[in-house]
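Okay, protein-v5.cif now, which holds mmCIF, C-alpha atoms and all ligand atoms:
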```cif
data_target
#
loop_
_atom_site.label_atom_id
_atom_site.label_comp_id
_atom_site.auth_asym_id
_atom_site.auth_seq_id
_atom_site.Cartn_x
_atom_site.Cartn_y
_atom_site.Cartn_z
CA MET A 1 29.49 -1.98 -34.29
CA ILE A 2 29.46 0.96 -31.92
CA ALA A 3 32.92 1.31 -30.34
CA PRO A 4 33.26 0.57 -26.59
CA THR A 5 34.67 4.06 -25.95
CA ASP A 6 31.63 5.59 -27.67
CA ILE A 7 29.44 3.85 -25.11
CA ILE A 8 31.44 4.58 -21.95
CA ARG A 9 34.79 6.25 -21.48
CA LEU A 10 36.91 7.75 -18.78
CA GLU A 11 38.30 11.19 -19.45
CA ARG A 12 40.64 13.26 -17.30
CA GLU A 13 38.02 14.36 -14.79
CA ALA A 14 34.80 12.90 -16.15
CA VAL A 15 33.00 9.71 -17.09
CA VAL A 16 31.33 10.16 -20.47
CA ILE A 17 28.42 7.92 -21.41
CA LEU A 18 26.20 7.57 -24.43
CA ASP A 19 22.84 8.63 -22.97
CA GLN A 20 20.64 5.55 -23.42
CA THR A 21 17.49 7.46 -22.43
CA ARG A 22 17.81 9.49 -25.66
CA LEU A 23 18.12 6.51 -28.02
CA PRO A 24 17.04 5.72 -30.66
CA GLY A 25 16.01 9.30 -31.47
CA GLU A 26 19.26 11.05 -30.63
CA ARG A 27 22.85 9.99 -30.12
CA VAL A 28 23.87 12.29 -27.26
CA GLU A 29 26.76 12.01 -24.82
CA ARG A 30 26.30 12.80 -21.14
CA VAL A 31 29.34 14.07 -19.31
CA CYS A 32 29.42 13.17 -15.61
CA SER A 33 31.98 15.36 -13.86
CA THR A 34 31.17 14.28 -10.33
CA VAL A 35 30.22 11.00 -8.71
CA ALA A 36 26.84 12.52 -7.79
CA GLU A 37 26.19 13.21 -11.49
CA LEU A 38 27.22 9.67 -12.39
CA VAL A 39 24.96 8.20 -9.69
CA ALA A 40 22.07 10.27 -11.11
CA ALA A 41 22.84 8.95 -14.62
CA ILE A 42 22.84 5.38 -13.29
CA ARG A 43 19.51 5.85 -11.47
CA GLU A 44 17.93 7.42 -14.56
CA LEU A 45 19.18 4.49 -16.70
CA ALA A 46 21.21 6.81 -18.93
CA VAL A 47 23.75 4.03 -18.51
CA ARG A 48 22.31 0.61 -17.72
CA GLY A 49 22.76 -3.14 -18.15
CA ALA A 50 24.70 -5.16 -15.59
CA PRO A 51 28.18 -5.33 -17.19
CA ALA A 52 28.00 -1.66 -18.24
CA LEU A 53 27.17 -0.76 -14.65
CA GLY A 54 30.31 -2.60 -13.55
CA VAL A 55 32.38 -0.58 -15.99
CA VAL A 56 30.96 2.79 -14.89
CA GLY A 57 31.32 1.67 -11.28
CA ALA A 58 35.06 1.17 -11.80
CA MET A 59 35.37 4.42 -13.75
CA GLY A 60 33.35 6.23 -11.09
CA VAL A 61 35.97 5.29 -8.50
CA ALA A 62 38.62 6.76 -10.82
CA LEU A 63 36.50 9.92 -11.08
CA ALA A 64 36.20 10.10 -7.28
CA ALA A 65 39.96 9.69 -6.94
CA SER A 66 40.65 12.40 -9.52
CA LYS A 67 38.64 14.92 -7.46
CA ALA A 68 39.52 13.78 -3.93
CA PRO A 69 41.75 15.98 -1.72
CA ASP A 70 45.51 15.33 -1.78
CA GLN A 71 45.85 14.84 1.96
CA PRO A 72 46.14 10.99 2.24
CA GLU A 73 43.58 10.31 5.00
CA ARG A 74 41.03 12.64 3.42
CA PHE A 75 41.79 11.15 0.00
CA GLN A 76 41.06 7.64 1.23
CA ARG A 77 37.94 8.66 3.17
CA THR A 78 36.50 10.56 0.18
CA VAL A 79 37.16 7.81 -2.36
CA LEU A 80 35.71 5.08 -0.12
CA ALA A 81 32.58 7.14 0.63
CA GLU A 82 31.95 7.89 -3.06
CA ALA A 83 32.66 4.26 -3.98
CA ALA A 84 29.96 3.19 -1.51
CA MET A 85 27.50 5.64 -3.13
CA LEU A 86 28.26 4.17 -6.54
CA ALA A 87 28.02 0.54 -5.43
CA THR A 88 24.55 1.08 -3.96
CA SER A 89 23.09 3.28 -6.69
CA ARG A 90 21.14 0.31 -8.11
CA PRO A 91 20.62 -2.83 -6.02
CA THR A 92 20.15 -5.80 -8.33
CA ALA A 93 23.12 -6.04 -10.73
CA ILE A 94 26.06 -7.46 -8.79
CA ASN A 95 28.44 -6.19 -11.50
CA LEU A 96 28.18 -2.67 -10.10
CA SER A 97 29.87 -3.58 -6.84
CA VAL A 98 32.26 -5.95 -8.64
CA GLY A 99 33.46 -3.04 -10.82
CA VAL A 100 33.75 -0.67 -7.86
CA GLN A 101 35.69 -3.29 -5.92
CA ALA A 102 38.06 -4.00 -8.82
CA ALA A 103 38.99 -0.31 -8.93
CA LEU A 104 39.38 -0.04 -5.15
CA GLU A 105 41.63 -3.09 -5.06
CA ALA A 106 44.05 -1.28 -7.36
CA ALA A 107 44.61 1.24 -4.56
CA THR A 108 45.53 -1.39 -2.00
CA GLY A 109 48.79 -0.36 -0.34
CA LEU A 110 48.73 3.04 -2.09
CA TRP A 111 46.25 5.00 0.03
CA MET A 112 48.99 7.11 1.59
CA GLU A 113 50.21 8.11 -1.91
CA PRO A 114 47.20 9.66 -3.65
CA THR A 115 49.03 10.36 -6.92
CA ALA A 116 50.09 6.73 -7.31
CA ALA A 117 46.66 5.53 -6.19
CA ARG A 118 44.92 7.71 -8.80
CA THR A 119 47.07 6.30 -11.58
CA ALA A 120 46.55 2.71 -10.43
CA ILE A 121 42.77 3.15 -10.23
CA VAL A 122 42.56 4.68 -13.72
CA VAL A 123 44.61 1.82 -15.17
CA ALA A 124 42.41 -0.74 -13.38
CA ALA A 125 39.15 0.89 -14.54
CA GLN A 126 40.28 0.99 -18.18
CA ALA A 127 41.48 -2.61 -17.95
CA PHE A 128 38.16 -3.66 -16.41
CA HIS A 129 36.31 -2.16 -19.39
CA ARG A 130 38.55 -3.90 -21.94
CA ALA A 131 38.27 -7.22 -20.07
CA GLU A 132 34.47 -7.00 -19.93
CA VAL A 133 34.31 -6.52 -23.72
CA ARG A 134 36.64 -9.50 -24.21
CA ARG A 135 34.48 -11.62 -21.91
CA CYS A 136 31.43 -10.75 -24.02
CA GLU A 137 33.26 -11.74 -27.21
CA GLU A 138 34.04 -15.12 -25.66
CA ILE A 139 30.41 -15.51 -24.56
CA GLY A 140 29.40 -14.85 -28.15
CA ARG A 141 31.81 -17.47 -29.42
CA HIS A 142 30.57 -20.16 -27.00
CA GLY A 143 26.90 -19.25 -27.32
CA ALA A 144 26.93 -19.37 -31.10
CA THR A 145 27.59 -23.14 -30.93
CA LEU A 146 24.07 -23.61 -29.53
CA PHE A 147 22.13 -22.38 -32.56
CA ALA A 148 21.64 -23.64 -36.13
CA MET A 149 21.30 -21.76 -39.42
CA ASN A 150 18.37 -19.28 -39.59
CA ALA A 151 17.57 -19.64 -35.87
CA ARG A 152 14.61 -17.60 -34.66
CA ILE A 153 15.69 -16.28 -31.26
CA CYS A 154 13.84 -14.31 -28.61
CA SER A 155 15.75 -11.94 -26.30
CA ILE A 156 14.15 -9.62 -23.76
CA CYS A 157 15.33 -6.15 -22.67
CA ASN A 158 18.74 -5.09 -23.98
CA ALA A 159 21.79 -7.27 -23.40
CA GLY A 160 23.84 -5.81 -26.22
CA ALA A 161 26.82 -3.52 -26.65
CA LEU A 162 25.02 -0.71 -24.85
CA ALA A 163 24.36 -2.86 -21.79
CA THR A 164 27.90 -4.15 -21.53
CA GLY A 165 30.20 -1.37 -22.74
CA GLY A 166 30.77 -3.25 -26.00
CA TYR A 167 29.71 -6.38 -27.95
CA GLY A 168 26.99 -7.70 -25.63
CA THR A 169 26.09 -10.94 -23.89
CA ALA A 170 22.80 -12.26 -25.32
CA LEU A 171 23.20 -9.97 -28.33
CA GLY A 172 26.86 -10.97 -28.45
CA VAL A 173 25.71 -14.53 -29.18
CA ILE A 174 23.37 -13.25 -31.90
CA ARG A 175 26.06 -10.93 -33.30
CA ARG A 176 28.46 -13.88 -33.53
CA LEU A 177 25.85 -16.02 -35.31
CA GLN A 178 25.43 -13.22 -37.84
CA ASP A 179 29.20 -12.87 -38.28
CA ASN A 180 29.42 -16.64 -38.82
CA GLY A 181 26.92 -16.36 -41.68
CA LEU A 182 24.14 -18.21 -39.80
CA SER A 183 21.54 -15.45 -40.38
CA PRO A 184 19.58 -15.37 -37.09
CA THR A 185 16.25 -13.59 -36.79
CA VAL A 186 15.41 -11.97 -33.46
CA TRP A 187 12.05 -11.52 -31.75
CA VAL A 188 12.36 -8.33 -29.69
CA PRO A 189 9.69 -7.86 -26.99
CA GLU A 190 9.37 -4.11 -26.41
CA THR A 191 10.06 -4.60 -22.65
CA ARG A 192 7.63 -2.33 -20.88
CA PRO A 193 7.73 0.04 -19.13
CA LEU A 194 11.06 1.55 -20.23
CA LEU A 195 11.18 -0.16 -23.62
CA GLN A 196 14.80 -1.28 -23.62
CA GLY A 197 13.88 -3.91 -26.22
CA ALA A 198 12.08 -1.57 -28.62
CA ARG A 199 14.39 1.41 -28.15
CA LEU A 200 17.82 -0.17 -27.66
CA THR A 201 17.91 -3.79 -28.84
CA ALA A 202 16.04 -3.02 -32.05
CA TRP A 203 18.38 -0.06 -32.64
CA GLU A 204 21.49 -2.19 -32.15
CA LEU A 205 20.16 -4.96 -34.42
CA ALA A 206 19.19 -2.46 -37.12
CA GLU A 207 22.68 -0.89 -36.96
CA GLU A 208 24.17 -4.36 -37.49
CA GLY A 209 21.76 -5.36 -40.25
CA ILE A 210 20.48 -8.32 -38.20
CA ALA A 211 16.92 -9.42 -39.04
CA HIS A 212 14.49 -8.70 -36.23
CA GLN A 213 10.89 -7.92 -35.41
CA VAL A 214 9.67 -5.90 -32.44
CA ILE A 215 6.61 -7.33 -30.70
CA SER A 216 4.54 -6.19 -27.74
CA ASP A 217 5.32 -8.05 -24.52
CA GLY A 218 1.85 -9.58 -24.71
CA ALA A 219 2.64 -11.14 -28.11
CA VAL A 220 5.53 -13.24 -26.82
CA ALA A 221 3.65 -16.39 -25.80
CA SER A 222 1.75 -16.66 -29.06
CA ARG A 223 5.04 -16.57 -31.08
CA PHE A 224 5.98 -19.77 -29.25
CA GLY A 225 2.49 -21.20 -29.69
CA LEU A 226 2.75 -20.67 -33.44
CA GLY A 227 6.09 -22.50 -33.52
CA LEU A 228 8.03 -19.37 -34.48
CA VAL A 229 10.77 -19.49 -31.83
CA ASP A 230 13.77 -21.86 -31.83
CA GLY A 231 15.54 -20.57 -28.75
CA VAL A 232 15.75 -17.87 -26.09
CA VAL A 233 18.89 -16.12 -24.95
CA VAL A 234 18.78 -13.43 -22.27
CA GLY A 235 21.27 -11.51 -20.16
CA ALA A 236 21.42 -11.44 -16.36
CA ASP A 237 21.80 -8.94 -13.55
CA ARG A 238 22.79 -11.44 -10.90
CA ILE A 239 23.18 -15.20 -10.90
CA ALA A 240 22.93 -16.87 -7.50
CA ALA A 241 25.17 -19.77 -6.50
CA ASN A 242 22.47 -22.29 -7.45
CA GLY A 243 21.92 -20.74 -10.90
CA ASP A 244 18.72 -18.80 -10.09
CA THR A 245 18.96 -15.71 -12.29
CA ALA A 246 17.69 -12.15 -11.86
CA ASN A 247 17.06 -10.31 -15.11
CA LYS A 248 14.60 -7.78 -16.54
CA VAL A 249 11.05 -8.27 -15.33
CA GLY A 250 9.29 -10.57 -17.77
CA THR A 251 12.23 -12.95 -18.10
CA TYR A 252 10.64 -15.45 -15.70
CA GLY A 253 7.46 -15.52 -17.78
CA LEU A 254 9.52 -15.96 -20.93
CA ALA A 255 11.31 -18.95 -19.36
CA ILE A 256 8.01 -20.58 -18.38
CA VAL A 257 6.64 -20.13 -21.89
CA ALA A 258 9.85 -21.54 -23.39
CA ARG A 259 9.76 -24.62 -21.16
CA TYR A 260 6.05 -25.22 -21.88
CA HIS A 261 6.83 -25.24 -25.59
CA GLY A 262 10.04 -27.29 -25.30
CA VAL A 263 12.20 -24.39 -26.54
CA PRO A 264 15.71 -24.05 -25.00
CA PHE A 265 16.22 -21.12 -22.64
CA TYR A 266 19.78 -19.81 -22.24
CA VAL A 267 21.27 -17.16 -19.97
CA ALA A 268 24.39 -15.41 -21.29
CA ALA A 269 26.49 -13.56 -18.72
CA PRO A 270 30.10 -12.97 -17.74
CA ARG A 271 31.42 -14.37 -14.50
CA THR A 272 31.25 -10.83 -13.07
CA THR A 273 27.46 -11.37 -12.93
CA ILE A 274 27.73 -14.54 -10.83
CA ASP A 275 27.38 -13.92 -7.10
CA PRO A 276 28.55 -17.02 -5.22
CA ARG A 277 27.69 -15.34 -1.89
CA THR A 278 24.01 -15.28 -2.78
CA SER A 279 22.83 -18.87 -2.32
CA THR A 280 19.49 -18.67 -4.14
CA GLY A 281 17.39 -16.17 -6.06
CA ALA A 282 15.25 -15.53 -2.97
CA GLU A 283 18.16 -13.51 -1.53
CA ILE A 284 18.49 -11.20 -4.55
CA SER A 285 17.32 -7.66 -3.92
CA ILE A 286 14.85 -6.64 -6.64
CA GLU A 287 14.81 -2.96 -7.52
CA GLU A 288 11.46 -1.21 -7.31
CA ARG A 289 11.30 1.61 -9.87
CA PRO A 290 9.38 4.89 -9.50
CA ARG A 291 5.62 5.00 -10.02
CA ALA A 292 5.95 7.57 -12.80
CA GLU A 293 7.71 5.04 -15.07
CA LEU A 294 4.62 2.83 -15.12
CA ALA A 295 1.85 5.39 -14.71
CA GLY A 296 2.26 7.11 -18.06
CA VAL A 297 3.15 6.64 -21.70
CA ALA A 298 4.92 9.34 -23.74
CA GLY A 299 4.07 12.03 -21.21
CA GLN A 300 0.37 11.01 -21.04
CA ARG A 301 -0.94 9.74 -17.72
CA THR A 302 -2.32 6.22 -18.12
CA VAL A 303 -2.98 5.20 -14.50
CA GLY A 304 -5.22 7.24 -12.24
CA ASP A 305 -3.86 8.62 -8.98
CA ASP A 306 -6.19 6.36 -6.97
CA SER A 307 -4.62 3.17 -8.34
CA PRO A 308 -1.57 1.89 -6.48
CA ILE A 309 1.31 0.61 -8.61
CA VAL A 310 3.92 -2.10 -8.12
CA ASN A 311 6.89 -1.64 -10.46
CA PRO A 312 9.65 -4.24 -9.96
CA ALA A 313 12.45 -3.79 -12.50
CA PHE A 314 13.57 -7.43 -12.38
CA ASP A 315 12.36 -10.93 -11.62
CA VAL A 316 14.11 -14.18 -10.77
CA THR A 317 14.05 -17.17 -13.09
CA PRO A 318 14.55 -20.41 -11.16
CA ALA A 319 17.58 -22.43 -12.26
CA ALA A 320 15.27 -25.33 -13.10
CA LEU A 321 13.98 -23.39 -16.11
CA ILE A 322 17.45 -22.58 -17.46
CA ASP A 323 18.95 -25.05 -19.94
CA ALA A 324 22.43 -23.55 -19.93
CA ILE A 325 24.40 -20.55 -18.71
CA ILE A 326 26.84 -19.23 -21.30
CA THR A 327 29.90 -17.58 -19.76
CA GLU A 328 33.29 -16.59 -21.15
CA ASP A 329 34.56 -19.98 -19.93
CA GLY A 330 32.04 -22.03 -21.89
CA VAL A 331 28.50 -23.39 -21.82
CA LEU A 332 27.53 -24.57 -18.34
CA ARG A 333 24.70 -27.08 -18.02
CA ALA A 334 22.41 -27.76 -15.07
CA PRO A 335 22.77 -28.52 -12.21
CA PHE A 336 24.55 -25.23 -11.63
CA ASP A 337 26.76 -24.78 -8.61
CA PHE A 338 28.68 -21.55 -8.32
CA SER A 339 29.14 -21.78 -4.56
CA VAL A 340 32.93 -22.31 -4.73
O1 LIG A 401 17.02 -1.97 -15.89
P1 LIG A 401 18.09 -2.32 -16.89
O2 LIG A 401 17.83 -1.78 -18.24
O3 LIG A 401 19.48 -1.98 -16.37
O4 LIG A 401 18.01 -3.91 -16.99
C1 LIG A 401 18.98 -4.57 -17.75
C2 LIG A 401 18.73 -6.01 -17.89
O5 LIG A 401 17.86 -6.59 -17.30
C3 LIG A 401 19.68 -6.76 -18.77
O6 LIG A 401 19.06 -7.85 -19.37
C4 LIG A 401 20.85 -7.28 -17.92
O7 LIG A 401 21.43 -6.24 -17.20
C5 LIG A 401 21.87 -7.96 -18.72
S1 LIG A 401 22.78 -6.83 -19.73
C6 LIG A 401 23.93 -7.73 -20.55
#
```
As structure tokens - that is how I would like this structure written.
Ligand code: MRU
Amino acid sequence: MIAPTDIIRLEREAVVILDQTRLPGERVERVCSTVAELVAAIRELAVRGAPALGVVGAMGVALAASKAPDQPERFQRTVLAEAAMLATSRPTAINLSVGVQAALEAATGLWMEPTAARTAIVVAAQAFHRAEVRRCEEIGRHGATLFAMNARICSICNAGALATGGYGTALGVIRRLQDNGLSPTVWVPETRPLLQGARLTAWELAEEGIAHQVISDGAVASRFGLGLVDGVVVGADRIAANGDTANKVGTYGLAIVARYHGVPFYVAAPRTTIDPRTSTGAEISIEERPRAELAGVAGQRTVGDDSPIVNPAFDVTPAALIDAIITEDGVLRAPFDFSV
């Protein structure tokens, strides 16, 4: 498996990420030496996936602190301003602000001592990364109890090691099944328009030797109709207090198809993805991505300039369609209530 520090790492004055826009063709690192560069990498999806965004959010605060002036008031003002830029660089995944906040909390009481604050933030950011990987391993352990030998599983987008800084949530469950000798097979919808399924999930599964087949998004429903799917496990970008779950656009349709065919639909996510302050999915802000991402394929224009485009990156699956939410603490069954 690809090592967590090969996916995201904090260096002395940089956050280094494996550039996910270049996969599977090239394995290239992108060095972000300023918070502005890191924000650009986040917006371009060079680093993406909710838990991974939390990790780079925390590391971004460490980067801001490493470059901020030594004068205490200016240090604090600079770090807080750059932290706010990071936290708002993508709107849907709650993990981003959770990671930023975890790093800022480390500086509590230390703002007048920039050297001590820098050290504390670095330690917190590294710890946040390690903890997120551990949470994913636990998710994998709990989730694997839900599937039998030779399960045929569908998972949209990429919720693997790349999306989490190591191991994965939905793919963590599948990885654990494979490690337990249960030989899962994965249906991988390509996940238009940015193809996280075809480019990233298929790459991760191939690296691990896990059986899989890539299908077009339009072929998903007929796999269920033909009786070829035993279960669905997907990641999440934000889970509201009532269990409504935002994830990659297409997840809602997948959940409807699964319910129609009586196939269990599971969400796998760490507690850092649960947002108890958001009561229902209706309150979740859904990112609208640029027109260019939908209006062309491989550099060729596919939509004429006269046709307007709507390009939401995520959708919300109502809790009623979710059979269980797999977290590091165990498998939670409906009715979900994360309000406390
Ligand atoms: O736009 P992306 O690629 O960041 O979307 C990612 C997803 O929707 C993932 O499924 C989600 O973040 C869970 S990752 C464990």
How would you write, as an mmCIF file with C-alpha atoms, keeping the file's coordinate frame, the set of residues no farther than 7 Å from ligand LIG 401 (chain A) when counting all atoms listed in the file?
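Result went into pocket-v6.cif, see below:
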```
data_model
loop_
_atom_site.group_PDB
_atom_site.id
_atom_site.type_symbol
_atom_site.label_atom_id
_atom_site.label_comp_id
_atom_site.auth_asym_id
_atom_site.auth_seq_id
_atom_site.Cartn_x
_atom_site.Cartn_y
_atom_site.Cartn_z
ATOM 1 C CA LEU A 45 19.180 4.490 -16.700
ATOM 2 C CA ARG A 48 22.310 0.610 -17.720
ATOM 3 C CA GLY A 49 22.760 -3.140 -18.150
ATOM 4 C CA ALA A 50 24.700 -5.160 -15.590
ATOM 5 C CA PRO A 51 28.180 -5.330 -17.190
ATOM 6 C CA ALA A 93 23.120 -6.040 -10.730
ATOM 7 C CA ILE A 156 14.150 -9.620 -23.760
ATOM 8 C CA CYS A 157 15.330 -6.150 -22.670
ATOM 9 C CA ASN A 158 18.740 -5.090 -23.980
ATOM 10 C CA ALA A 159 21.790 -7.270 -23.400
ATOM 11 C CA GLY A 160 23.840 -5.810 -26.220
ATOM 12 C CA ALA A 163 24.360 -2.860 -21.790
ATOM 13 C CA THR A 164 27.900 -4.150 -21.530
ATOM 14 C CA GLY A 168 26.990 -7.700 -25.630
ATOM 15 C CA THR A 169 26.090 -10.940 -23.890
ATOM 16 C CA ALA A 170 22.800 -12.260 -25.320
ATOM 17 C CA GLN A 196 14.800 -1.280 -23.620
ATOM 18 C CA VAL A 234 18.780 -13.430 -22.270
ATOM 19 C CA GLY A 235 21.270 -11.510 -20.160
ATOM 20 C CA ALA A 236 21.420 -11.440 -16.360
ATOM 21 C CA ASP A 237 21.800 -8.940 -13.550
ATOM 22 C CA ASN A 247 17.060 -10.310 -15.110
ATOM 23 C CA LYS A 248 14.600 -7.780 -16.540
ATOM 24 C CA ALA A 269 26.490 -13.560 -18.720
ATOM 25 C CA ALA A 313 12.450 -3.790 -12.500
ATOM 26 C CA PHE A 314 13.570 -7.430 -12.380
#
```
Q | Among the residues A:Ala151, A:Val100, A:Leu162, A:Ala64, the one that comes closest to A:Arg118 [using all atoms listed in the file] | A | A:Ala64
Q) In terms of the shortest atom-to-atom distance over all atoms listed in the file, which of A:Ala240, A:Ile256, A:Leu10, A:Ala268 is closest to A:Val220? A)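 Checking each of A:Ala240, A:Ile256, A:Leu10, A:Ala268 against A:Val220, counting all atoms listed in the file, the winner is A:Ile256.
Considering the residues A:Val61, A:Ile2, A:Ile286, A:Ala40 and counting only C-alpha atoms, A:Ala124 has its shortest atom-to-atom contact with A:Val61.
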Q. Do you have the atom CA of A:Thr251-atom CA of A:Glu26 distance handy?
A.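 Interatomic distance, atom CA of A:Thr251 to atom CA of A:Glu26: 28.0 Å.
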Q) Hey, what's within 12 Å of A:Ala198 if we count only C-alpha atoms and toss same-chain stuff fewer than 2 positions away? As a PyMOL selection string, please? A) chain A and resi 23-25+155-158+186-196+200-206+212-217
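The two atoms in question, atom CA of A:Ser89 and atom CA of A:Thr119, are spaced 24.7 Å apart.
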Q.
Env of A:Glu44: 12 Å cut, atoms = all atoms listed in the file, seq-sep filter 5 positions within chain, self excluded. Answer as a PyMOL selection string.
A. chain A and resi 19-22+30+37-39+89-90+194+289-290+293
Include C-alpha atoms and write out the residues we just selected as a PDB file, in the frame of the given file.
```
ATOM      1  CA  ASP A  19      22.840   8.630 -22.970  1.00  0.00           C
ATOM      2  CA  GLN A  20      20.640   5.550 -23.420  1.00  0.00           C
ATOM      3  CA  THR A  21      17.490   7.460 -22.430  1.00  0.00           C
ATOM      4  CA  ARG A  22      17.810   9.490 -25.660  1.00  0.00           C
ATOM      5  CA  ARG A  30      26.300  12.800 -21.140  1.00  0.00           C
ATOM      6  CA  GLU A  37      26.190  13.210 -11.490  1.00  0.00           C
ATOM      7  CA  LEU A  38      27.220   9.670 -12.390  1.00  0.00           C
ATOM      8  CA  VAL A  39      24.960   8.200  -9.690  1.00  0.00           C
ATOM      9  CA  SER A  89      23.090   3.280  -6.690  1.00  0.00           C
ATOM     10  CA  ARG A  90      21.140   0.310  -8.110  1.00  0.00           C
ATOM     11  CA  LEU A 194      11.060   1.550 -20.230  1.00  0.00           C
ATOM     12  CA  ARG A 289      11.300   1.610  -9.870  1.00  0.00           C
ATOM     13  CA  PRO A 290       9.380   4.890  -9.500  1.00  0.00           C
ATOM     14  CA  GLU A 293       7.710   5.040 -15.070  1.00  0.00           C
TER      15      GLU A 293
END
```
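Interatomic distance, atom CA of A:Leu80 to atom CA of A:Arg135: 27.5 Å.
Distance annotation: of A:Pro91, A:Thr185, A:Arg176, A:Ala62, the residue with the minimal separation from A:Thr145 is A:Arg176; atom set is only C-alpha atoms.
Nearest residue to A:Arg291 among A:Thr34, A:Thr278, A:Ser307, A:Thr327 is A:Ser307, counting only C-alpha atoms.
Ranking A:Gln178, A:Thr92, A:Gln300, A:Ser66 by their shortest atom-to-atom distance to A:Leu53, with only C-alpha atoms included, puts A:Thr92 first.
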(Q) Can you tell me which residues surround A:Ile121 at a distance of at most 12 Å, considering all atoms listed in the file, apart from same-chain residues fewer than 3 positions away, and format the answer as a VMD selection string? (A) chain A and resid 10 57 to 66 79 83 99 to 108 110 to 111 114 to 118 124 to 128
Q) Hey, what's within 7 Å of A:Val31 if we count all atoms listed in the file and toss same-chain stuff fewer than 5 positions away? As a list in words, please? A) Ala14, Val15, Val16 and Ile17 of chain A
(Q) Excluding A:Leu182 and its own-chain neighbours fewer than 2 positions away, which residues fall within 8 Å of it when counting all atoms listed in the file? Please give them as an NGL selection string. (A) :A and (148-151 or 177-180 or 184)
Q.
Given the point (-0.8, 0.6, -7.4) in the file's coordinates, find the residues that have an atom at most 12 Å from it, counting only C-alpha atoms, and give them as a ChimeraX atom specification.
A. /A:290-292,294-295,303-312
Missing atoms in stretch 63-75 of chain A need filling: write out N, CA and C atoms for it as a compact mmCIF listing (two decimals), keeping the file's coordinate frame.
```
# COMPACT_ATOMS: atom_id res chain seq x y z
N LEU A 63 36.98 8.53 -11.11
CA LEU A 63 36.50 9.92 -11.08
C LEU A 63 36.59 10.47 -9.65
N ALA A 64 36.14 9.67 -8.69
CA ALA A 64 36.20 10.10 -7.28
C ALA A 64 37.64 10.40 -6.90
N ALA A 65 38.55 9.51 -7.30
CA ALA A 65 39.96 9.69 -6.94
C ALA A 65 40.54 10.94 -7.59
N SER A 66 40.10 11.24 -8.81
CA SER A 66 40.65 12.40 -9.52
C SER A 66 40.27 13.70 -8.82
N LYS A 67 39.13 13.68 -8.10
CA LYS A 67 38.64 14.92 -7.46
C LYS A 67 38.93 14.96 -5.96
N ALA A 68 39.36 13.85 -5.39
CA ALA A 68 39.52 13.78 -3.93
C ALA A 68 40.72 14.62 -3.47
N PRO A 69 40.66 15.14 -2.22
CA PRO A 69 41.75 15.98 -1.72
C PRO A 69 43.08 15.22 -1.69
N ASP A 70 44.18 15.96 -1.73
CA ASP A 70 45.51 15.33 -1.78
C ASP A 70 45.98 14.79 -0.43
N GLN A 71 45.43 15.31 0.64
CA GLN A 71 45.85 14.84 1.96
C GLN A 71 45.45 13.36 2.09
N PRO A 72 46.41 12.44 2.37
CA PRO A 72 46.14 10.99 2.24
C PRO A 72 44.90 10.47 2.98
N GLU A 73 44.75 10.86 4.27
CA GLU A 73 43.58 10.31 5.00
C GLU A 73 42.27 10.80 4.38
N ARG A 74 42.26 12.08 4.01
CA ARG A 74 41.03 12.64 3.42
C ARG A 74 40.80 12.04 2.03
N PHE A 75 41.90 11.79 1.33
CA PHE A 75 41.79 11.15 0.00
C PHE A 75 41.09 9.80 0.14
```
